[in-house]
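Contents: one structure, followed by commentary.
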Amino acid sequence: MKRGLFFSLLVVLILGLFAVACSDSGSGDDDDDDDTTTDGDNDLTDDDDDISDDDDDNGGVIIPDTDGDTTDDDDDDREGCMYDTDCPGNQYCYFASDTSNGRCVDRKQECDPCTTNRECLYDYDYCLPEAYGSVCGSDCSNGLTCPTNYVCTIIPELDNSKQCVFDTSLLQGTQGTPCCTHEDCDLPLSCRRGTAGKTCQNGCTANADCPMGMICNQPEPNRTGECIDGCTSIDDCPGGTICVDGQCMEGECTESAHCAISHYCDTVTNECVEGCQTNDDCPGTDECQDGTCVVYTGCKGTYECSLGDICTKEMTEEEIAQDDPSLRGECYTPTEPYCDPCTDTQNQNNECGDGNFCVELTDPDTEQSLGHFCLVMRDCFYRDGEGGTNPGDEQCPRGYSCIFPDNENMPDKYCIADCTDENFQ
């Protein structure tokens, strides 16, 4: 430990012990419970909950080690607070996790949940044992009186310290009646502090129940909550503000979805900027190229073409991943007589062209004739109903299916569609 830091801590400790000794010698109070000895960090000297003896999390306090530095050498650059002494007297330094920045938060009053003594409001206000609800009490030694609905109680687990504890004989669980914890209230009521102390109250069940810039803070899913300042999304904030770290602040966006089409969100300035970062920032089928929305051209496969058209290229997954427009094909309308009406049902006059057939299509439900149409031969990819396949090098036009009659009269594969549909005329 650095010599200057050690000396300062030693002086503070000596002065603290001297003050306690003077107080004890001058009071003349015969109250047995006043013999409880406390140290200067708002805890009992022989209590396992003393903040200097807490478990691994140290109650949120960073303990100096023998070389005079903190246990985490990187914490010197931490913003916010590192010690309770960095905060005003009615606050303490809270760490949400071992890696988070410390922040000053208000100390707690009677019946507020706690885990360490340092969270409670005044010196000698202690975090009560689990049997009392693991909530803050308040000191009632030396003739100090308790607030309404609380009784002065000797706590054996805290070296017989006198603490104000909620009077459980007052419990009713109904709207407006006194309580200490949420479990003291009938569902869906929750126990909340107001001008009359903590009482069972009804409240909000969703953020929509609260004014803009506030959210519904529910203690449990099945209990109502209260509206508090904060937000979970930009929808909870008034116009011209955004939700950042649970609070509404000035800005336009936190993500590009908050911006107009052909704009994206600059997450450093939280402003919407003209241009794009991804295709999602662009209108319709336009795409983002070099920060600008441009008309999408070409096709990755026939699935991107209009009904009845074919793409000159079927791109592989590897090619698609490159997102290079120069690798794409072009959609075109084939010249073959797909779905052209025909009359040469005997296929003697080559009306539909070499290798193609004039066939009659029927309604599968009524078996009535739908007319005669050309069936075009194509080396397409065919799948049967049992998982079998017959690969091919060509695609049928979009909207057509590949069939494989595999018989003497029609030995090849063909493209077929509902030729009565106007999209294929």
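Letters for chains follow the order of the structure tokens (A, B, ...), residue numbers begin at 1 for each chain, and ligand numbers begin at 1 in the order shown.
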Long-range neighbours of Asp309 of chain A as a ChimeraX atom specification, 7 Å cut-off, only C-alpha atoms, 4 positions minimum in chain: /A:305,331-334,397-398
How would you write, as a ChimeraX atom specification, the set of residues in segment 52-223 of chain A that DSSP gives as strand (DSSP E)? /A:91-94,103-106,150-155,161-166,190-194,197-201,214-217
Residues of the last selection are to be written out with N, CA, C and O atoms, as a short mmCIF file (atom, residue, chain, number, x, y, z; two decimals), in the first residue's frame.
```cif
data_model
loop_
_atom_site.label_atom_id
_atom_site.label_comp_id
_atom_site.auth_asym_id
_atom_site.auth_seq_id
_atom_site.Cartn_x
_atom_site.Cartn_y
_atom_site.Cartn_z
N GLN A 91 -25.84 8.81 -0.59
CA GLN A 91 -25.70 7.83 -1.66
C GLN A 91 -24.50 6.92 -1.39
O GLN A 91 -23.65 7.21 -0.55
N TYR A 92 -24.47 5.80 -2.11
CA TYR A 92 -23.32 4.90 -2.03
C TYR A 92 -22.95 4.47 -3.45
O TYR A 92 -23.71 4.66 -4.40
N CYS A 93 -21.76 3.90 -3.61
CA CYS A 93 -21.26 3.52 -4.92
C CYS A 93 -21.72 2.10 -5.25
O CYS A 93 -21.37 1.15 -4.56
N TYR A 94 -22.49 1.99 -6.31
CA TYR A 94 -23.09 0.71 -6.69
C TYR A 94 -22.46 0.19 -7.97
O TYR A 94 -22.26 0.93 -8.93
N ARG A 103 -21.63 3.63 -10.04
CA ARG A 103 -22.46 4.83 -10.10
C ARG A 103 -23.07 5.08 -8.73
O ARG A 103 -23.38 4.14 -7.98
N CYS A 104 -23.24 6.33 -8.39
CA CYS A 104 -23.80 6.71 -7.10
C CYS A 104 -25.32 6.53 -7.13
O CYS A 104 -25.98 7.05 -8.04
N VAL A 105 -25.86 5.82 -6.16
CA VAL A 105 -27.30 5.62 -6.06
C VAL A 105 -27.75 5.97 -4.64
O VAL A 105 -26.95 5.94 -3.69
N ASP A 106 -29.02 6.30 -4.50
CA ASP A 106 -29.55 6.72 -3.20
C ASP A 106 -29.51 5.58 -2.19
O ASP A 106 -29.75 4.41 -2.53
N TYR A 150 -43.79 1.22 12.54
CA TYR A 150 -42.59 0.47 12.88
C TYR A 150 -42.43 0.41 14.40
O TYR A 150 -42.84 1.32 15.13
N VAL A 151 -41.82 -0.67 14.87
CA VAL A 151 -41.57 -0.84 16.31
C VAL A 151 -40.09 -1.07 16.54
O VAL A 151 -39.41 -1.70 15.72
N CYS A 152 -39.57 -0.56 17.65
CA CYS A 152 -38.17 -0.72 18.00
C CYS A 152 -37.96 -2.14 18.52
O CYS A 152 -38.61 -2.57 19.48
N THR A 153 -37.07 -2.86 17.88
CA THR A 153 -36.90 -4.28 18.14
C THR A 153 -35.41 -4.60 18.33
O THR A 153 -34.56 -4.09 17.62
N ILE A 154 -35.12 -5.44 19.33
CA ILE A 154 -33.75 -5.91 19.54
C ILE A 154 -33.48 -7.05 18.56
O ILE A 154 -34.25 -8.01 18.49
N ILE A 155 -32.40 -6.94 17.79
CA ILE A 155 -32.06 -7.94 16.78
C ILE A 155 -30.88 -8.78 17.28
O ILE A 155 -29.73 -8.31 17.26
N SER A 161 -28.54 -5.20 18.51
CA SER A 161 -28.76 -3.83 18.09
C SER A 161 -30.25 -3.54 18.06
O SER A 161 -31.07 -4.41 17.75
N LYS A 162 -30.61 -2.31 18.41
CA LYS A 162 -32.00 -1.89 18.33
C LYS A 162 -32.29 -1.30 16.95
O LYS A 162 -31.64 -0.34 16.54
N GLN A 163 -33.28 -1.87 16.26
CA GLN A 163 -33.64 -1.43 14.93
C GLN A 163 -35.16 -1.27 14.80
O GLN A 163 -35.92 -2.04 15.40
N CYS A 164 -35.56 -0.27 14.03
CA CYS A 164 -36.99 -0.10 13.75
C CYS A 164 -37.39 -1.15 12.72
O CYS A 164 -36.85 -1.20 11.61
N VAL A 165 -38.37 -1.99 13.08
CA VAL A 165 -38.83 -3.08 12.23
C VAL A 165 -40.32 -2.91 11.98
O VAL A 165 -41.07 -2.49 12.87
N PHE A 166 -40.76 -3.24 10.77
CA PHE A 166 -42.18 -3.09 10.43
C PHE A 166 -43.06 -3.90 11.39
O PHE A 166 -42.76 -5.05 11.72
N SER A 190 -48.91 -4.14 -5.29
CA SER A 190 -47.50 -4.15 -4.93
C SER A 190 -47.28 -3.14 -3.81
O SER A 190 -48.07 -2.21 -3.62
N CYS A 191 -46.21 -3.35 -3.06
CA CYS A 191 -45.91 -2.49 -1.91
C CYS A 191 -45.02 -1.35 -2.36
O CYS A 191 -43.88 -1.56 -2.80
N ARG A 192 -45.54 -0.10 -2.29
CA ARG A 192 -44.80 1.05 -2.80
C ARG A 192 -44.81 2.18 -1.77
O ARG A 192 -45.77 2.36 -1.01
N ARG A 193 -43.74 2.96 -1.80
CA ARG A 193 -43.60 4.07 -0.85
C ARG A 193 -44.31 5.31 -1.37
O ARG A 193 -44.17 5.67 -2.54
N GLY A 194 -45.04 5.96 -0.48
CA GLY A 194 -45.73 7.20 -0.81
C GLY A 194 -45.64 8.16 0.36
O GLY A 194 -44.82 7.99 1.27
N GLY A 197 -45.95 6.57 3.74
CA GLY A 197 -45.08 5.41 3.94
C GLY A 197 -45.35 4.34 2.91
O GLY A 197 -45.93 4.61 1.84
N LYS A 198 -44.98 3.11 3.18
CA LYS A 198 -45.17 2.02 2.23
C LYS A 198 -46.55 1.41 2.43
O LYS A 198 -46.91 0.97 3.53
N THR A 199 -47.32 1.37 1.34
CA THR A 199 -48.67 0.81 1.38
C THR A 199 -48.90 -0.06 0.14
O THR A 199 -48.19 0.07 -0.87
N CYS A 200 -49.91 -0.92 0.21
CA CYS A 200 -50.28 -1.76 -0.93
C CYS A 200 -50.99 -0.89 -1.97
O CYS A 200 -51.97 -0.21 -1.64
N GLN A 201 -50.50 -0.92 -3.20
CA GLN A 201 -51.05 -0.04 -4.23
C GLN A 201 -51.28 -0.80 -5.53
O GLN A 201 -50.55 -1.74 -5.87
N MET A 214 -41.59 7.67 -19.62
CA MET A 214 -41.63 6.85 -18.40
C MET A 214 -41.96 5.41 -18.79
O MET A 214 -42.53 5.15 -19.85
N ILE A 215 -41.58 4.48 -17.94
CA ILE A 215 -41.87 3.07 -18.16
C ILE A 215 -42.51 2.48 -16.92
O ILE A 215 -42.39 3.04 -15.82
N CYS A 216 -43.16 1.36 -17.10
CA CYS A 216 -43.82 0.68 -15.98
C CYS A 216 -42.82 -0.24 -15.30
O CYS A 216 -42.32 -1.19 -15.91
N ASN A 217 -42.51 0.04 -14.07
CA ASN A 217 -41.57 -0.75 -13.28
C ASN A 217 -42.35 -1.75 -12.43
O ASN A 217 -42.83 -1.41 -11.36
#
```
I'd like the contact shell of segment 226-234 of chain A - 8 Å cut-off, only C-alpha atoms, skipping same-chain residues fewer than 3 positions apart - returned as a list of chain:residue names. A:Gly203, A:Cys204, A:Asn207, A:Cys210, A:Pro211, A:Gly213, A:Met214, A:Ile215, A:Cys216, A:Asn217, A:Gln218, A:Cys237, A:Thr241, A:Ile242, A:Cys243, A:Gly246, A:Gln247, A:Cys248, A:Cys253
DSSP on the backbone, then: every residue of segment 183-336 of chain A marked alpha helix (DSSP H), written as an NGL selection string. :A and (317-322)
Next, write the just-selected residues to a file, as an mmCIF file, in the first residue's frame, keeping N, CA, C and O atoms as the atom set.
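To be explicit, this is the file written out as again-v1.cif:
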```
data_model
loop_
_atom_site.group_PDB
_atom_site.id
_atom_site.type_symbol
_atom_site.label_atom_id
_atom_site.label_comp_id
_atom_site.auth_asym_id
_atom_site.auth_seq_id
_atom_site.Cartn_x
_atom_site.Cartn_y
_atom_site.Cartn_z
ATOM 1 N N GLU A 317 -24.108 -20.411 -53.924
ATOM 2 C CA GLU A 317 -24.122 -19.721 -52.629
ATOM 3 C C GLU A 317 -22.851 -18.906 -52.444
ATOM 4 O O GLU A 317 -22.882 -17.806 -51.868
ATOM 5 N N GLU A 318 -21.732 -19.436 -52.903
ATOM 6 C CA GLU A 318 -20.472 -18.718 -52.767
ATOM 7 C C GLU A 318 -20.487 -17.430 -53.580
ATOM 8 O O GLU A 318 -20.010 -16.377 -53.119
ATOM 9 N N GLU A 319 -21.050 -17.482 -54.765
ATOM 10 C CA GLU A 319 -21.122 -16.286 -55.597
ATOM 11 C C GLU A 319 -22.070 -15.254 -55.002
ATOM 12 O O GLU A 319 -21.790 -14.047 -55.011
ATOM 13 N N ILE A 320 -23.192 -15.718 -54.476
ATOM 14 C CA ILE A 320 -24.164 -14.800 -53.860
ATOM 15 C C ILE A 320 -23.534 -14.097 -52.672
ATOM 16 O O ILE A 320 -23.750 -12.901 -52.441
ATOM 17 N N ALA A 321 -22.719 -14.838 -51.887
ATOM 18 C CA ALA A 321 -22.087 -14.265 -50.702
ATOM 19 C C ALA A 321 -21.134 -13.123 -51.057
ATOM 20 O O ALA A 321 -20.903 -12.225 -50.239
ATOM 21 N N GLN A 322 -20.596 -13.125 -52.273
ATOM 22 C CA GLN A 322 -19.678 -12.063 -52.692
ATOM 23 C C GLN A 322 -20.398 -10.741 -52.942
ATOM 24 O O GLN A 322 -19.781 -9.681 -52.931
#
```
Could you work out how far atom CA of Gly392 of chain A lies from atom CA of Gly301 of chain A, giving the answer in Å with one decimal?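 It comes out at 15.0 Å.
Proximity of A:Ser141, A:Thr205, A:Thr267, A:Asn222 to Leu187 of chain A, computed with only C-alpha atoms, is greatest for A:Asn222.
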Would you list the contacts of segment 376-379 of chain A as a PyMOL selection string, taking every protein, DNA or RNA residue within 9 Å and counting only C-alpha atoms, but skipping same-chain residues closer than 3 positions in sequence? chain A and resi 336-339+352-358+382+391-396+402+412-416
What does the file look like for those residues with N, CA and C atoms, as an mmCIF file, in the first residue's frame?
```cif
data_model
loop_
_atom_site.group_PDB
_atom_site.id
_atom_site.type_symbol
_atom_site.label_atom_id
_atom_site.label_comp_id
_atom_site.auth_asym_id
_atom_site.auth_seq_id
_atom_site.Cartn_x
_atom_site.Cartn_y
_atom_site.Cartn_z
ATOM 1 N N GLU A 336 -39.526 -20.012 -76.785
ATOM 2 C CA GLU A 336 -40.213 -21.292 -76.951
ATOM 3 C C GLU A 336 -41.697 -21.122 -76.628
ATOM 4 N N PRO A 337 -42.546 -21.975 -77.174
ATOM 5 C CA PRO A 337 -44.010 -21.801 -77.055
ATOM 6 C C PRO A 337 -44.571 -22.325 -75.720
ATOM 7 N N TYR A 338 -43.994 -21.849 -74.600
ATOM 8 C CA TYR A 338 -44.514 -22.275 -73.294
ATOM 9 C C TYR A 338 -45.976 -21.862 -73.159
ATOM 10 N N CYS A 339 -46.842 -22.833 -72.892
ATOM 11 C CA CYS A 339 -48.274 -22.601 -72.661
ATOM 12 C C CYS A 339 -49.000 -21.993 -73.863
ATOM 13 N N CYS A 352 -45.925 -27.440 -82.007
ATOM 14 C CA CYS A 352 -45.280 -26.877 -80.810
ATOM 15 C C CYS A 352 -43.753 -26.873 -80.920
ATOM 16 N N GLY A 353 -43.207 -27.374 -82.024
ATOM 17 C CA GLY A 353 -41.765 -27.361 -82.182
ATOM 18 C C GLY A 353 -41.153 -28.716 -81.881
ATOM 19 N N ASP A 354 -39.886 -28.896 -82.313
ATOM 20 C CA ASP A 354 -39.196 -30.164 -82.142
ATOM 21 C C ASP A 354 -39.098 -30.559 -80.670
ATOM 22 N N GLY A 355 -39.471 -31.815 -80.396
ATOM 23 C CA GLY A 355 -39.364 -32.354 -79.044
ATOM 24 C C GLY A 355 -40.472 -31.933 -78.111
ATOM 25 N N ASN A 356 -41.321 -30.989 -78.525
ATOM 26 C CA ASN A 356 -42.400 -30.507 -77.662
ATOM 27 C C ASN A 356 -43.705 -31.232 -78.010
ATOM 28 N N PHE A 357 -44.689 -31.107 -77.124
ATOM 29 C CA PHE A 357 -45.948 -31.815 -77.315
ATOM 30 C C PHE A 357 -47.132 -30.893 -77.101
ATOM 31 N N CYS A 358 -48.190 -31.166 -77.856
ATOM 32 C CA CYS A 358 -49.475 -30.506 -77.631
ATOM 33 C C CYS A 358 -50.284 -31.437 -76.744
ATOM 34 N N TYR A 382 -35.581 -32.276 -61.900
ATOM 35 C CA TYR A 382 -36.854 -32.915 -61.542
ATOM 36 C C TYR A 382 -36.737 -33.642 -60.204
ATOM 37 N N PRO A 391 -31.355 -34.686 -62.128
ATOM 38 C CA PRO A 391 -30.760 -33.363 -62.299
ATOM 39 C C PRO A 391 -30.764 -32.919 -63.751
ATOM 40 N N GLY A 392 -30.722 -31.613 -63.919
ATOM 41 C CA GLY A 392 -30.642 -31.039 -65.264
ATOM 42 C C GLY A 392 -29.827 -29.765 -65.244
ATOM 43 N N ASP A 393 -29.487 -29.263 -66.401
ATOM 44 C CA ASP A 393 -28.650 -28.073 -66.518
ATOM 45 C C ASP A 393 -29.452 -26.807 -66.754
ATOM 46 N N GLU A 394 -30.775 -26.908 -66.842
ATOM 47 C CA GLU A 394 -31.586 -25.743 -67.174
ATOM 48 C C GLU A 394 -32.722 -25.563 -66.164
ATOM 49 N N GLN A 395 -33.211 -24.343 -66.108
ATOM 50 C CA GLN A 395 -34.349 -24.039 -65.254
ATOM 51 C C GLN A 395 -35.593 -23.827 -66.099
ATOM 52 N N CYS A 396 -36.739 -24.286 -65.575
ATOM 53 C CA CYS A 396 -38.008 -23.909 -66.207
ATOM 54 C C CYS A 396 -38.253 -22.425 -65.951
ATOM 55 N N CYS A 402 -41.126 -28.751 -63.302
ATOM 56 C CA CYS A 402 -40.478 -29.751 -64.155
ATOM 57 C C CYS A 402 -41.164 -31.100 -63.960
ATOM 58 N N ASP A 412 -38.738 -37.527 -72.322
ATOM 59 C CA ASP A 412 -37.894 -36.455 -71.800
ATOM 60 C C ASP A 412 -38.586 -35.711 -70.649
ATOM 61 N N LYS A 413 -37.918 -34.639 -70.179
ATOM 62 C CA LYS A 413 -38.472 -33.787 -69.122
ATOM 63 C C LYS A 413 -39.071 -32.531 -69.765
ATOM 64 N N TYR A 414 -40.126 -32.006 -69.108
ATOM 65 C CA TYR A 414 -40.876 -30.898 -69.704
ATOM 66 C C TYR A 414 -41.255 -29.893 -68.612
ATOM 67 N N CYS A 415 -41.527 -28.670 -69.048
ATOM 68 C CA CYS A 415 -41.962 -27.613 -68.122
ATOM 69 C C CYS A 415 -43.462 -27.413 -68.277
ATOM 70 N N ILE A 416 -44.165 -27.407 -67.128
ATOM 71 C CA ILE A 416 -45.620 -27.299 -67.159
ATOM 72 C C ILE A 416 -46.083 -26.272 -66.135
#
```
Pick from A:Cys259, A:Leu375, A:Met315, A:Tyr124, whichever lies nearest to Asn350 of chain A using only C-alpha atoms: A:Leu375
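Atom to atom, atom CA of Gln277 of chain A and atom CA of Cys265 of chain A stand 9.0 Å apart.
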Rank A:Asn90, A:Gly176, A:Leu327, A:Thr278 by their smallest atom-to-atom distance to Lys300 of chain A, using only C-alpha atoms, and report the top residue only.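 Of A:Asn90, A:Gly176, A:Leu327, A:Thr278, the one nearest Lys300 of chain A, counting only C-alpha atoms, is A:Leu327.
Minimum distance to Val295 of chain A across A:Glu252, A:Pro129, A:Cys342, A:Asn279 (counting only C-alpha atoms) occurs at A:Asn279.
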Nearest to Asp186 of chain A, chosen from A:Ile310, A:Cys146, A:Ala206, A:Leu171, with only C-alpha atoms counted in the distances: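 Looking at the shortest contact to Asp186 of chain A, the residue is A:Leu171.
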